[in-house]
Structures are given as C-alpha cells and as structure tokens.
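Asker: PDB, C-alpha atoms and all ligand atoms, file my_file39.pdb:
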```
ATOM      1  CA  MET A   1       0.000   0.000   0.000
ATOM      2  CA  SER A   2       1.231   3.478  -0.709
ATOM      3  CA  PHE A   3      -0.138   6.958  -0.254
ATOM      4  CA  THR A   4      -1.413   8.943  -3.225
ATOM      5  CA  LEU A   5      -2.050  12.627  -3.871
ATOM      6  CA  PRO A   6      -5.686  13.537  -3.165
ATOM      7  CA  THR A   7      -7.475  15.352  -5.972
ATOM      8  CA  LEU A   8      -8.137  18.977  -5.136
ATOM      9  CA  PRO A   9     -11.873  19.583  -4.634
ATOM     10  CA  TYR A  10     -11.615  22.700  -6.876
ATOM     11  CA  ALA A  11      -9.575  24.003  -9.795
ATOM     12  CA  TYR A  12      -6.128  25.523  -9.270
ATOM     13  CA  ASP A  13      -7.491  28.978 -10.111
ATOM     14  CA  ALA A  14     -10.662  28.664  -7.982
ATOM     15  CA  LEU A  15      -9.224  30.511  -4.990
ATOM     16  CA  GLU A  16      -8.098  33.576  -6.929
ATOM     17  CA  PRO A  17      -7.445  36.349  -6.105
ATOM     18  CA  TYR A  18      -6.554  35.271  -2.556
ATOM     19  CA  PHE A  19      -4.467  32.207  -3.412
ATOM     20  CA  ASP A  20      -3.118  32.421  -6.956
ATOM     21  CA  LYS A  21      -3.274  29.636  -9.523
ATOM     22  CA  THR A  22       0.482  29.139  -9.938
ATOM     23  CA  THR A  23       1.100  28.835  -6.210
ATOM     24  CA  MET A  24      -1.804  26.401  -5.829
ATOM     25  CA  GLU A  25      -0.587  24.256  -8.716
ATOM     26  CA  ILE A  26       3.011  24.064  -7.455
ATOM     27  CA  HIS A  27       1.916  23.661  -3.851
ATOM     28  CA  HIS A  28      -0.386  20.745  -4.609
ATOM     29  CA  SER A  29       1.295  18.957  -7.540
ATOM     30  CA  LYS A  30       4.928  19.472  -6.466
ATOM     31  CA  HIS A  31       5.207  20.163  -2.733
ATOM     32  CA  HIS A  32       2.380  17.967  -1.500
ATOM     33  CA  GLN A  33       3.342  15.241  -3.982
ATOM     34  CA  ALA A  34       6.938  15.359  -2.715
ATOM     35  CA  TYR A  35       5.821  14.709   0.873
ATOM     36  CA  ILE A  36       3.845  11.699  -0.347
ATOM     37  CA  THR A  37       6.689  10.335  -2.470
ATOM     38  CA  ASN A  38       9.162  10.770   0.374
ATOM     39  CA  LEU A  39       6.739   9.216   2.868
ATOM     40  CA  ASN A  40       6.231   6.177   0.632
ATOM     41  CA  ASN A  41      10.002   5.814   0.298
ATOM     42  CA  ALA A  42      10.511   6.181   4.054
ATOM     43  CA  ILE A  43       8.026   3.445   4.982
ATOM     44  CA  SER A  44       8.787   1.096   2.094
ATOM     45  CA  ASN A  45       9.952  -2.302   3.320
ATOM     46  CA  THR A  46       9.579  -1.313   6.953
ATOM     47  CA  GLU A  47       7.120  -2.416   9.613
ATOM     48  CA  HIS A  48       5.194   0.833   8.873
ATOM     49  CA  GLN A  49       4.486   0.186   5.200
ATOM     50  CA  ASN A  50       0.833  -0.710   5.808
ATOM     51  CA  ALA A  51       0.191   1.833   8.562
ATOM     52  CA  ASN A  52      -2.536   4.409   8.114
ATOM     53  CA  LEU A  53      -1.661   8.101   8.088
ATOM     54  CA  ASP A  54      -3.356   8.949  11.390
ATOM     55  CA  SER A  55      -1.379   6.284  13.252
ATOM     56  CA  LEU A  56       1.928   7.496  11.766
ATOM     57  CA  VAL A  57       1.102  11.076  12.754
ATOM     58  CA  ALA A  58       0.088  10.080  16.294
ATOM     59  CA  LYS A  59       3.476   8.476  17.031
ATOM     60  CA  ALA A  60       5.548  10.636  14.667
ATOM     61  CA  GLY A  61       8.107  11.467  17.331
ATOM     62  CA  THR A  62       9.160   7.828  17.587
ATOM     63  CA  LEU A  63       9.505   7.150  13.848
ATOM     64  CA  GLY A  64      12.467   9.279  12.760
ATOM     65  CA  ASN A  65      12.520  12.561  10.883
ATOM     66  CA  ALA A  66      11.795  11.202   7.399
ATOM     67  CA  ILE A  67       8.439   9.722   8.471
ATOM     68  CA  ARG A  68       7.659  12.532  10.920
ATOM     69  CA  ASN A  69       8.210  15.296   8.347
ATOM     70  CA  ASN A  70       6.561  13.606   5.397
ATOM     71  CA  ALA A  71       3.600  12.024   7.187
ATOM     72  CA  GLY A  72       3.006  15.453   8.723
ATOM     73  CA  GLY A  73       3.363  17.099   5.322
ATOM     74  CA  HIS A  74       0.823  14.739   3.759
ATOM     75  CA  TRP A  75      -1.652  15.070   6.640
ATOM     76  CA  ASN A  76      -1.353  18.864   6.921
ATOM     77  CA  HIS A  77      -1.775  19.581   3.215
ATOM     78  CA  SER A  78      -4.703  17.184   2.807
ATOM     79  CA  PHE A  79      -6.352  18.958   5.744
ATOM     80  CA  LEU A  80      -5.630  22.401   4.296
ATOM     81  CA  TRP A  81      -7.156  21.673   0.869
ATOM     82  CA  GLU A  82     -10.360  20.458   2.530
ATOM     83  CA  THR A  83     -10.535  23.643   4.622
ATOM     84  CA  LEU A  84     -10.626  26.006   1.656
ATOM     85  CA  LYS A  85     -13.529  26.889  -0.594
ATOM     86  CA  LYS A  86     -14.334  29.207  -3.445
ATOM     87  CA  ASP A  87     -17.014  31.750  -2.455
ATOM     88  CA  ALA A  88     -16.919  30.590   1.166
ATOM     89  CA  LYS A  89     -19.822  31.874   3.245
ATOM     90  CA  PRO A  90     -19.273  33.804   6.493
ATOM     91  CA  LEU A  91     -19.611  31.899   9.741
ATOM     92  CA  SER A  92     -23.255  31.793  10.835
ATOM     93  CA  ASP A  93     -24.434  31.494  14.439
ATOM     94  CA  ASN A  94     -24.224  27.957  15.784
ATOM     95  CA  VAL A  95     -22.517  25.936  18.519
ATOM     96  CA  LEU A  96     -19.151  26.855  17.027
ATOM     97  CA  THR A  97     -19.770  30.591  17.389
ATOM     98  CA  VAL A  98     -20.782  30.003  21.010
ATOM     99  CA  ALA A  99     -17.475  28.196  21.625
ATOM    100  CA  ILE A 100     -15.528  30.939  19.819
ATOM    101  CA  LYS A 101     -17.160  33.625  21.979
ATOM    102  CA  SER A 102     -16.407  31.627  25.104
ATOM    103  CA  ALA A 103     -12.726  31.110  24.242
ATOM    104  CA  PHE A 104     -11.832  34.356  22.463
ATOM    105  CA  GLY A 105     -14.669  36.856  23.010
ATOM    106  CA  SER A 106     -15.527  37.141  19.303
ATOM    107  CA  LEU A 107     -14.635  35.858  15.847
ATOM    108  CA  GLU A 108     -12.550  39.005  15.301
ATOM    109  CA  GLU A 109     -10.520  38.238  18.415
ATOM    110  CA  LEU A 110     -10.041  34.629  17.288
ATOM    111  CA  LYS A 111      -8.737  35.902  13.932
ATOM    112  CA  LYS A 112      -6.312  38.214  15.738
ATOM    113  CA  SER A 113      -4.997  35.412  17.960
ATOM    114  CA  PHE A 114      -4.716  32.987  15.047
ATOM    115  CA  SER A 115      -2.916  35.576  12.908
ATOM    116  CA  GLN A 116      -0.619  36.339  15.822
ATOM    117  CA  VAL A 117       0.548  32.705  16.160
ATOM    118  CA  ALA A 118       0.861  32.409  12.368
ATOM    119  CA  MET A 119       2.961  35.578  12.243
ATOM    120  CA  SER A 120       5.162  34.721  15.199
ATOM    121  CA  ARG A 121       6.090  31.231  13.979
ATOM    122  CA  PHE A 122       9.774  31.725  13.132
ATOM    123  CA  GLY A 123      10.778  30.035   9.885
ATOM    124  CA  SER A 124       8.522  27.328   8.486
ATOM    125  CA  GLY A 125       5.502  25.791  10.145
ATOM    126  CA  TRP A 126       1.764  25.977  10.678
ATOM    127  CA  GLY A 127      -0.736  27.967  12.726
ATOM    128  CA  TRP A 128      -3.729  26.082  14.156
ATOM    129  CA  LEU A 129      -7.125  26.456  15.761
ATOM    130  CA  ILE A 130      -7.689  23.347  17.886
ATOM    131  CA  VAL A 131     -10.087  21.799  20.342
ATOM    132  CA  ASN A 132      -7.874  20.887  23.286
ATOM    133  CA  PRO A 133      -8.365  17.754  25.439
ATOM    134  CA  GLN A 134     -10.514  19.810  27.851
ATOM    135  CA  GLY A 135     -12.910  20.629  24.998
ATOM    136  CA  LYS A 136     -11.886  24.266  24.751
ATOM    137  CA  LEU A 137     -10.804  26.121  21.610
ATOM    138  CA  ALA A 138      -7.206  27.344  21.474
ATOM    139  CA  VAL A 139      -4.717  28.651  18.927
ATOM    140  CA  THR A 140      -1.240  27.208  18.652
ATOM    141  CA  SER A 141       1.551  26.738  16.146
ATOM    142  CA  THR A 142       3.955  23.957  15.216
ATOM    143  CA  PRO A 143       7.329  23.975  13.428
ATOM    144  CA  ASN A 144       8.115  22.303  10.101
ATOM    145  CA  GLN A 145       5.378  19.751   9.253
ATOM    146  CA  ASP A 146       4.454  18.886  12.828
ATOM    147  CA  ASN A 147       0.823  19.231  13.897
ATOM    148  CA  PRO A 148      -1.216  19.168  17.130
ATOM    149  CA  LEU A 149      -2.106  15.475  16.726
ATOM    150  CA  MET A 150       1.523  14.435  17.077
ATOM    151  CA  ASP A 151       2.978  12.963  20.234
ATOM    152  CA  VAL A 152       5.671  15.650  20.023
ATOM    153  CA  ALA A 153       3.271  18.619  19.923
ATOM    154  CA  PRO A 154       3.708  20.890  22.953
ATOM    155  CA  GLU A 155      -0.007  21.754  22.821
ATOM    156  CA  LYS A 156      -2.153  18.850  21.645
ATOM    157  CA  GLY A 157      -5.664  18.928  20.268
ATOM    158  CA  GLN A 158      -7.934  18.159  17.358
ATOM    159  CA  PRO A 159      -7.266  20.648  14.540
ATOM    160  CA  LEU A 160     -10.208  22.679  13.238
ATOM    161  CA  LEU A 161      -8.244  25.085  11.035
ATOM    162  CA  GLY A 162      -4.633  25.180   9.911
ATOM    163  CA  ILE A 163      -2.625  27.675   7.900
ATOM    164  CA  ASP A 164       0.598  26.798   6.123
ATOM    165  CA  VAL A 165       3.173  29.523   6.801
ATOM    166  CA  TRP A 166       5.994  27.985   4.803
ATOM    167  CA  GLU A 167       7.185  30.544   2.246
ATOM    168  CA  HIS A 168       6.260  28.121  -0.578
ATOM    169  CA  ALA A 169       2.610  28.718   0.395
ATOM    170  CA  TYR A 170       2.668  32.452  -0.327
ATOM    171  CA  TYR A 171       5.960  33.806  -1.658
ATOM    172  CA  LEU A 172       5.046  34.070  -5.364
ATOM    173  CA  LYS A 173       2.093  36.355  -4.634
ATOM    174  CA  TYR A 174       2.863  37.921  -1.278
ATOM    175  CA  GLN A 175       6.690  37.732  -1.059
ATOM    176  CA  ASN A 176       7.618  38.744   2.511
ATOM    177  CA  ARG A 177       4.098  39.972   3.363
ATOM    178  CA  ARG A 178       2.961  36.998   5.438
ATOM    179  CA  ALA A 179       0.331  39.137   7.218
ATOM    180  CA  GLU A 180      -1.459  39.858   3.917
ATOM    181  CA  TYR A 181      -1.466  36.148   3.117
ATOM    182  CA  VAL A 182      -2.949  35.314   6.522
ATOM    183  CA  ASP A 183      -5.633  37.990   6.027
ATOM    184  CA  ALA A 184      -6.452  36.542   2.591
ATOM    185  CA  PHE A 185      -6.816  33.043   4.074
ATOM    186  CA  TRP A 186      -9.942  34.080   6.016
ATOM    187  CA  ASN A 187     -11.798  34.730   2.738
ATOM    188  CA  LEU A 188     -11.380  31.055   1.821
ATOM    189  CA  VAL A 189     -12.295  29.260   5.043
ATOM    190  CA  ASP A 190     -15.181  26.810   4.632
ATOM    191  CA  TRP A 191     -16.899  27.248   7.998
ATOM    192  CA  ASP A 192     -19.218  24.308   7.313
ATOM    193  CA  ILE A 193     -16.190  21.995   7.358
ATOM    194  CA  VAL A 194     -14.811  23.688  10.468
ATOM    195  CA  ARG A 195     -18.164  23.207  12.187
ATOM    196  CA  LYS A 196     -18.211  19.505  11.219
ATOM    197  CA  ARG A 197     -14.707  19.061  12.615
ATOM    198  CA  PHE A 198     -15.796  20.787  15.820
ATOM    199  CA  ASP A 199     -18.777  18.447  16.199
ATOM    200  CA  ALA A 200     -16.577  15.388  15.530
ATOM    201  CA  ALA A 201     -13.962  16.550  18.046
ATOM    202  CA  ASN A 202     -16.620  17.125  20.707
ATOM    203  CA  SER A 203     -18.106  13.695  20.158
ATOM    204  CA  LYS A 204     -14.716  12.165  21.058
ATOM    205  CA  ILE A 205     -14.331  14.068  24.341
TER     206      ILE A 205
HETATM  207 MN    MN B 301       2.890  23.708   2.089
END
```
Written as structure tokens, that's how I'd like the structure from this file.
Answerer:
Amino acid sequence: MSFTLPTLPYAYDALEPYFDKTTMEIHHSKHHQAYITNLNNAISNTEHQNANLDSLVAKAGTLGNAIRNNAGGHWNHSFLWETLKKDAKPLSDNVLTVAIKSAFGSLEELKKSFSQVAMSRFGSGWGWLIVNPQGKLAVTSTPNQDNPLMDVAPEKGQPLLGIDVWEHAYYLKYQNRRAEYVDAFWNLVDWDIVRKRFDAANSKI
C-alpha cells in the first residue's frame, strides 16, 4: 500500500485572487506530492508500510525525521485543501460561534490570535485552531510539518483550522508579506467543514 495525492476539490485557479493559480498548482502537484513520495520511500519495506496516516502522525516522534516530516506534510496539506472553498460563506451562528465567543470573546478576536501565532512562527511551520483535550478552543503553532495530533506537539488537540506559513505557500504572490497572506486566508475558510470538525472533536471528548 502506498499513499497517493488527493485530488483537489476545486480548480487551481478557484481561490483567486486570494491564493493564486500558480502557487496552488506548485503547492499541490509538487510540494504535496513530494511529501507523499518521500513518505512512501521512508516506509517502504519497513514495519510501517501498511500503517494508516493517522497512526503514523500520532506516534511521529518515535519514527524518525523522514516519516515525521513527510507524514506530517501529507496530513497537513490534505487537511488544508479540505478547509478552503471558493465563495466561502461567512460563519453563521451555531454551537461553534458560542465556543468561539467563550474562548476568544468574538470571531474578530479569534482571527487576531490565530494571525498572531501564524505571524510569530519563526521560519517554516503551521498555525492552528484546535479543540484541546478539555474541549476548549485554542490557537497554537507547530514547526516544520508537525501538527497538534503528534505525540511531540507541545499543545495537543484536534485541529479545526490550519494555515501553512511555509514561504512556498505564499511567496510568489505575497513575497515577505505573510500578514497579507494570513488575512487573505480568512476569505477562503469553509466554515461548514470547520463546524463539522468541531462536532466530531466534541463527540470524542
Ligand atoms: Mn505547504
């Protein structure tokens, strides 16, 4: 068994003008594909070759850097593509907005906190909105291709939203302006998916 690149649920140019077509095409067909190829090579002919992705991610810290980085890369990018949508609708009032108000005060304050962790991640990594093991929403960030599901994550939780702050995710369009890229991201968030992830996370607690 080997991992394969998931088909994007939209065209490469669907997220214009926020995420440009060239970046999306390279990000998906080259960067994401490379994580998958390298992951397949890393697990080939090992005891992990039939493992599922979630189990590799959960014990990533014990598997060596090749599996940790590339299993994380595959998981994180698959999650990101599913988070984004053309013509995404604003968040409407539901149990998720209640939880956001409880944790952050308002959606605007959540966006500020999320942008803050995305901006302050030095070098490459990801910013996250998670449900922590106590059932509360929190923002956090991870280096490289780590994520909050990994045994090595300093702050663990079920991811609801993640933003890729590697330069390959934004440099062609935004160059050094990471803040503009993070602002643009909010126009693409599919809140229906985020709400479904929130419900699924709560059902496990
Ligand atoms: Mn990326």
Asker: Draw an axis-aligned box tight on the listed atoms of range 100-107 of chain A, then pad every side by 3 Å and write out centre and edge lengths in Å to one decimal as JSON.
Answerer:
```
{"center_x": -14.5, "center_y": 34.0, "center_z": 20.5, "size_x": 11.3, "size_y": 12.2, "size_z": 15.3}
```
Asker: Give me the residues within 7 Å of range 156-168 of chain A as a list in words, counting all atoms listed in the file and dropping any in the same chain fewer than 2 places off.
Answerer: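 With the cut-off at 7 Å, the set is Leu80, Thr83, Ala118, Ser124, Gly125, Trp126, Gly127, Trp128, Leu129, Ile130, Val131, Asn132, Pro133, Pro148, Leu149, Ala153, Pro154, Tyr170, Tyr171, Val194, Arg197, Phe198 and Ala201 of chain A.
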Asker: Just checking: using all atoms listed in the file, which residue out of A:Met119, A:Leu5, A:Leu172, A:Met24 ends up closest to ligand MN 301 (chain B)?
Answerer: A:Met24
Asker: In Å, with one decimal, what is the gap from CA of Gln116 in chain A to CA of Asp183 in chain A?
Answerer: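 Taking CA of Gln116 in chain A and CA of Asp183 in chain A, their separation equals 11.1 Å.
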Asker: Report as number ranges by chain all protein, DNA and RNA residues lying within 9 Å of Leu39 in chain A, evaluated on all atoms listed in the file, omitting residues in the same chain fewer than 3 positions from it.
Answerer: A: 2-3, 34-36, 42-44, 66-71, 73-74
Asker: Between A:Ala88, A:Met150, A:Ile26, A:Ala51, which is the closest to ligand MN 301 (chain B) once you count all atoms listed in the file?
Answerer: A:Ile26
Asker: Rank nothing, just name the residue among A:His77, A:Lys21, A:Lys59, A:Arg121 nearest to ligand MN 301 (chain B), using only C-alpha atoms and all ligand atoms.
Answerer: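 Among the listed residues, the smallest separation from ligand MN 301 (chain B) belongs to A:His77.
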Asker: Between CA of Asn144 in chain A and CA of Thr46 in chain A, what is the distance in Å, rounded to a tenth?
Answerer: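 Answer for the CA of Asn144 in chain A to CA of Thr46 in chain A separation: 23.9 Å.
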